[in-house]
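Below is one structure, written out as structure tokens; the observations come after it.
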Amino acid sequence: MIEVNEALEIVAANSSVLTTQKISVDKALGYILAETIYSPISMPPFRQSAMDGYAFIHSRRHQFDVVGISQAGDHANIKLKETEAVRIFTGAYVPNDADTVVMQEHVMVNGDSILIAKMPEPFANVRSKGEQINAEDVVLDANTLITPAAIGFLACLGITEITVYKKPKVAILVTGNELVKPGKKLSKGKIYESNSIMLQAALQTIGVNKIKVHTVKDNLKATKKALESILKKNDIVLISGGISVGDYDFVKEALVKNGVEELFYKINQKPGKPMFFGSKKDTLVFALPGNPASSLTNFYIYVYPAVKNKMGFSNTHLPKIVRKLDSEVVNNTGKTLFLKALYNETSVTILEGQASSMLNSFAIANGLVIVPHDIENIKKGASVTILPID
């Protein structure tokens with residue numbers, strides 16, 4: 001059995017980034033950029049009007065003859081005199097001679113002439129060429145997360161394809177003779193299977209969308225056979241249950257028989273002690289406890305950073321924040337505790353229902369309070385470290 005920090009170091013050391021792929025910009029949401037992108041054009045590519053109004057040559061004059069129209073999409077380079085203006089619309093090409101646009105709300109129209117009631121400053125409401133970005137400038141640096149705004153920015157520059165780090169293929173293997181799929185009739189001795197649904201949701205919050213769920217009975221032969229296929233086809237394998245020391249816990253033996261190297265087994269923590277972490281070639285294996293709260297806790301602590309490492313994120317762990325306890329915490333276990341809690345801007349409350357089988361408190365928690373294994377007592381009002389999970 002190892003301590004939490006050592007387990008985290010082992011996970012990090014074995015979670016290398018996946019290879020890269022070319023992908024369409026419109027399919028790139030949630031990926032990490034694997035190259036630096038340079039702009040092929042200036043944006044805007046020409047001087048644009050920022051308003052619906054009139055373009056003119058700024059002077060002391062207030063009255064102008066309207067001699068043309070510039071609509072968005074046109075390229076009407078109308079020659080202007082100091083006495084003339086052009087009707088113009090937002091995003092439209094500003095004629096070369098014009099230097100200022102007055103918004104239409106500040107203009108009085110009389111036939112084919114206008115009177116500017118409120119004169120703008122020189123060069124007002126004109127977006128200069130390259131105001132947002134110039135050709136050959138950096139659009140996005142490598143290792144940037146592709147967000148909706150990033151997709152929009154790339155698209156407005158005419159970029160259709162980028163190189164990103166691949167997202168991992170993840171398999172979830174659920175073990176347990178007692179488990180029944182939600183929606184089916186629950187007979188005596190059975191419980192509804194929730195871990196796979198919970199883990200899928202947790203993976204989706206990181207941006208993983210290639211997830212397959214497999215089920216197997218508590219049987220060594222069946223477990224070994226299921227793992228043999230799953231290990232070949234996935235980058236990360238999550239196993240729910242069967243990793244403790246009961247008579248029907250066959251996962252660890254099945255993993256060893258499939259050539260999975262054990263990197264650690266059991267962590268000095270509560271909940272989530274009986275966890276196995278190993279690898280076979282480049283495939284990572286997390287055999288998580290069957291108890292739901294233990295399983296989800298270990299997902300946040302260990303699986304979450306491993307997945308983000310695989311995807312190319314530079315910040316892989318959940319952030320840490322500090323709040324003051326609103327009650328005393330006693331730790332007489334000698335283990336690192338991860339306590340479900342609710343925090344606000346100043347304080348944190350430890351919730352009732354900390355048992356490893358209970359999800360009711362997890363369902364309303366927005367953080368996990370970390371109590372180190374060598375700390376026996378934390379007084380009310382003391383500062384504690386929290387992992388936000390909201």
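In the structure tokens, chains take letters A, B, ... by order of appearance, with residues numbered from 1 within each chain and ligands from 1 in the order shown.
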What residues in region 94-283 of chain A get the DSSP label alpha helix (DSSP H)? Please answer as a ChimeraX atom specification.
/A:148-156,195-206,220-233,251-257
Near-Thr215 (chain A) list (10 Å; only C-alpha atoms; drop same-chain fewer than 3 positions) as a PDB file with N, CA, C and O atoms, in the first residue's frame:
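Final output, selection_28.pdb:
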ATOM      1  N   ILE A 172     -15.076   0.882 -20.254  1.00  0.00           N
ATOM      2  CA  ILE A 172     -15.487   0.676 -18.859  1.00  0.00           C
ATOM      3  C   ILE A 172     -15.989  -0.759 -18.750  1.00  0.00           C
ATOM      4  O   ILE A 172     -16.926  -1.152 -19.445  1.00  0.00           O
ATOM      5  N   LEU A 173     -15.339  -1.541 -17.901  1.00  0.00           N
ATOM      6  CA  LEU A 173     -15.754  -2.924 -17.663  1.00  0.00           C
ATOM      7  C   LEU A 173     -16.408  -3.009 -16.291  1.00  0.00           C
ATOM      8  O   LEU A 173     -15.785  -2.687 -15.275  1.00  0.00           O
ATOM      9  N   VAL A 174     -17.655  -3.426 -16.270  1.00  0.00           N
ATOM     10  CA  VAL A 174     -18.413  -3.513 -15.025  1.00  0.00           C
ATOM     11  C   VAL A 174     -18.526  -4.975 -14.612  1.00  0.00           C
ATOM     12  O   VAL A 174     -18.950  -5.828 -15.404  1.00  0.00           O
ATOM     13  N   THR A 175     -18.135  -5.269 -13.376  1.00  0.00           N
ATOM     14  CA  THR A 175     -18.233  -6.630 -12.854  1.00  0.00           C
ATOM     15  C   THR A 175     -19.284  -6.679 -11.739  1.00  0.00           C
ATOM     16  O   THR A 175     -19.538  -5.685 -11.077  1.00  0.00           O
ATOM     17  N   GLY A 176     -19.868  -7.853 -11.554  1.00  0.00           N
ATOM     18  CA  GLY A 176     -20.800  -8.006 -10.433  1.00  0.00           C
ATOM     19  C   GLY A 176     -22.050  -8.775 -10.805  1.00  0.00           C
ATOM     20  O   GLY A 176     -22.844  -8.313 -11.628  1.00  0.00           O
ATOM     21  N   ASN A 177     -22.252  -9.933 -10.168  1.00  0.00           N
ATOM     22  CA  ASN A 177     -23.457 -10.736 -10.416  1.00  0.00           C
ATOM     23  C   ASN A 177     -24.717 -10.077  -9.875  1.00  0.00           C
ATOM     24  O   ASN A 177     -25.823 -10.414 -10.277  1.00  0.00           O
ATOM     25  N   LEU A 179     -25.650  -6.975 -10.158  1.00  0.00           N
ATOM     26  CA  LEU A 179     -26.015  -5.730 -10.831  1.00  0.00           C
ATOM     27  C   LEU A 179     -27.107  -5.928 -11.886  1.00  0.00           C
ATOM     28  O   LEU A 179     -27.087  -6.889 -12.651  1.00  0.00           O
ATOM     29  N   SER A 196     -21.087   2.630 -14.233  1.00  0.00           N
ATOM     30  CA  SER A 196     -20.711   2.881 -15.626  1.00  0.00           C
ATOM     31  C   SER A 196     -21.341   4.173 -16.133  1.00  0.00           C
ATOM     32  O   SER A 196     -20.706   4.936 -16.870  1.00  0.00           O
ATOM     33  N   ASP A 218     -19.049 -12.297 -12.273  1.00  0.00           N
ATOM     34  CA  ASP A 218     -17.922 -12.534 -11.359  1.00  0.00           C
ATOM     35  C   ASP A 218     -17.373 -13.940 -11.595  1.00  0.00           C
ATOM     36  O   ASP A 218     -17.685 -14.900 -10.866  1.00  0.00           O
ATOM     37  N   ALA A 222     -14.348 -15.611 -17.563  1.00  0.00           N
ATOM     38  CA  ALA A 222     -15.080 -14.595 -18.322  1.00  0.00           C
ATOM     39  C   ALA A 222     -14.389 -13.241 -18.216  1.00  0.00           C
ATOM     40  O   ALA A 222     -14.299 -12.488 -19.198  1.00  0.00           O
ATOM     41  N   THR A 223     -13.895 -12.922 -17.022  1.00  0.00           N
ATOM     42  CA  THR A 223     -13.219 -11.640 -16.809  1.00  0.00           C
ATOM     43  C   THR A 223     -11.934 -11.571 -17.625  1.00  0.00           C
ATOM     44  O   THR A 223     -11.638 -10.562 -18.265  1.00  0.00           O
ATOM     45  N   ALA A 226     -12.827 -11.158 -21.382  1.00  0.00           N
ATOM     46  CA  ALA A 226     -13.305  -9.805 -21.683  1.00  0.00           C
ATOM     47  C   ALA A 226     -12.150  -8.814 -21.722  1.00  0.00           C
ATOM     48  O   ALA A 226     -12.062  -7.976 -22.622  1.00  0.00           O
ATOM     49  N   ILE A 239     -12.137  -0.302 -14.743  1.00  0.00           N
ATOM     50  CA  ILE A 239     -12.851  -1.489 -14.290  1.00  0.00           C
ATOM     51  C   ILE A 239     -13.568  -1.144 -12.997  1.00  0.00           C
ATOM     52  O   ILE A 239     -12.973  -0.571 -12.074  1.00  0.00           O
ATOM     53  N   SER A 240     -14.839  -1.466 -12.939  1.00  0.00           N
ATOM     54  CA  SER A 240     -15.639  -1.163 -11.764  1.00  0.00           C
ATOM     55  C   SER A 240     -15.905  -2.435 -10.976  1.00  0.00           C
ATOM     56  O   SER A 240     -16.600  -3.338 -11.447  1.00  0.00           O
TER      57      SER A 240
END
Name the residues in contact with region 114-129 of chain A at a cut-off of 12 Å, using only C-alpha atoms, excluding same-chain residues fewer than 5 positions from it; report them as a PyMOL selection string.
chain A and resi 41-67+83-109+134-135
Pick the closest to Leu140 (chain A) from A:Glu376, A:His214, A:Lys181, A:Leu33: which is it, counting only C-alpha atoms?
A:Leu33
Counting only C-alpha atoms, which of A:Thr20, A:Ser383, A:Thr316, A:Gln269 gets nearest to Thr349 (chain A)?
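Closest to Thr349 (chain A), using only C-alpha atoms: A:Ser383.
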Contacts of Asn309 (chain A) within 12 Å, only C-alpha atoms, excl. fewer than 2 positions in-chain, as a ChimeraX atom specification:
/A:11-19,32,143,165-168,206,235-236,284,302-307,311-317
Tell me, which residues of region 158-288 of chain A carry DSSP strand (DSSP E), written as a PyMOL selection string?
chain A and resi 161-165+170-175+179-180+191-192+211-216+236-240+261-265+269-270+276-280+283-288
Go through A:Gly334, A:Asp26, A:Phe362, A:Arg323 and flag the residue nearest Ser347 (chain A), using only C-alpha atoms for the distances.
A:Arg323
For CA of Gly278 (chain A) and CA of Lys252 (chain A), determine how far apart the two atoms are, in Å to one decimal place.
10.1 Å
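The environment of Ala355 (chain A) within 9 Å, counting only C-alpha atoms and disregarding residues fewer than 6 places along the same chain, consists of Pro271, Ala293 and Ser294 of chain A.
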Would you list the contacts of Glu161 (chain A) as a VMD selection string, taking every protein, DNA or RNA residue within 10 Å and counting only C-alpha atoms, but skipping same-chain residues closer than 6 positions in sequence?
chain A and resid 22 to 28 154 to 155
One decimal, in Å: what's the spacing between CA of Pro319 (chain A) and CA of Ser279 (chain A)?
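Atom-to-atom, CA of Pro319 (chain A) and CA of Ser279 (chain A) are spaced 26.2 Å apart.
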Near-Val322 (chain A) list (8 Å; only C-alpha atoms; drop same-chain fewer than 4 positions) as a PyMOL selection string
chain A and resi 383-386
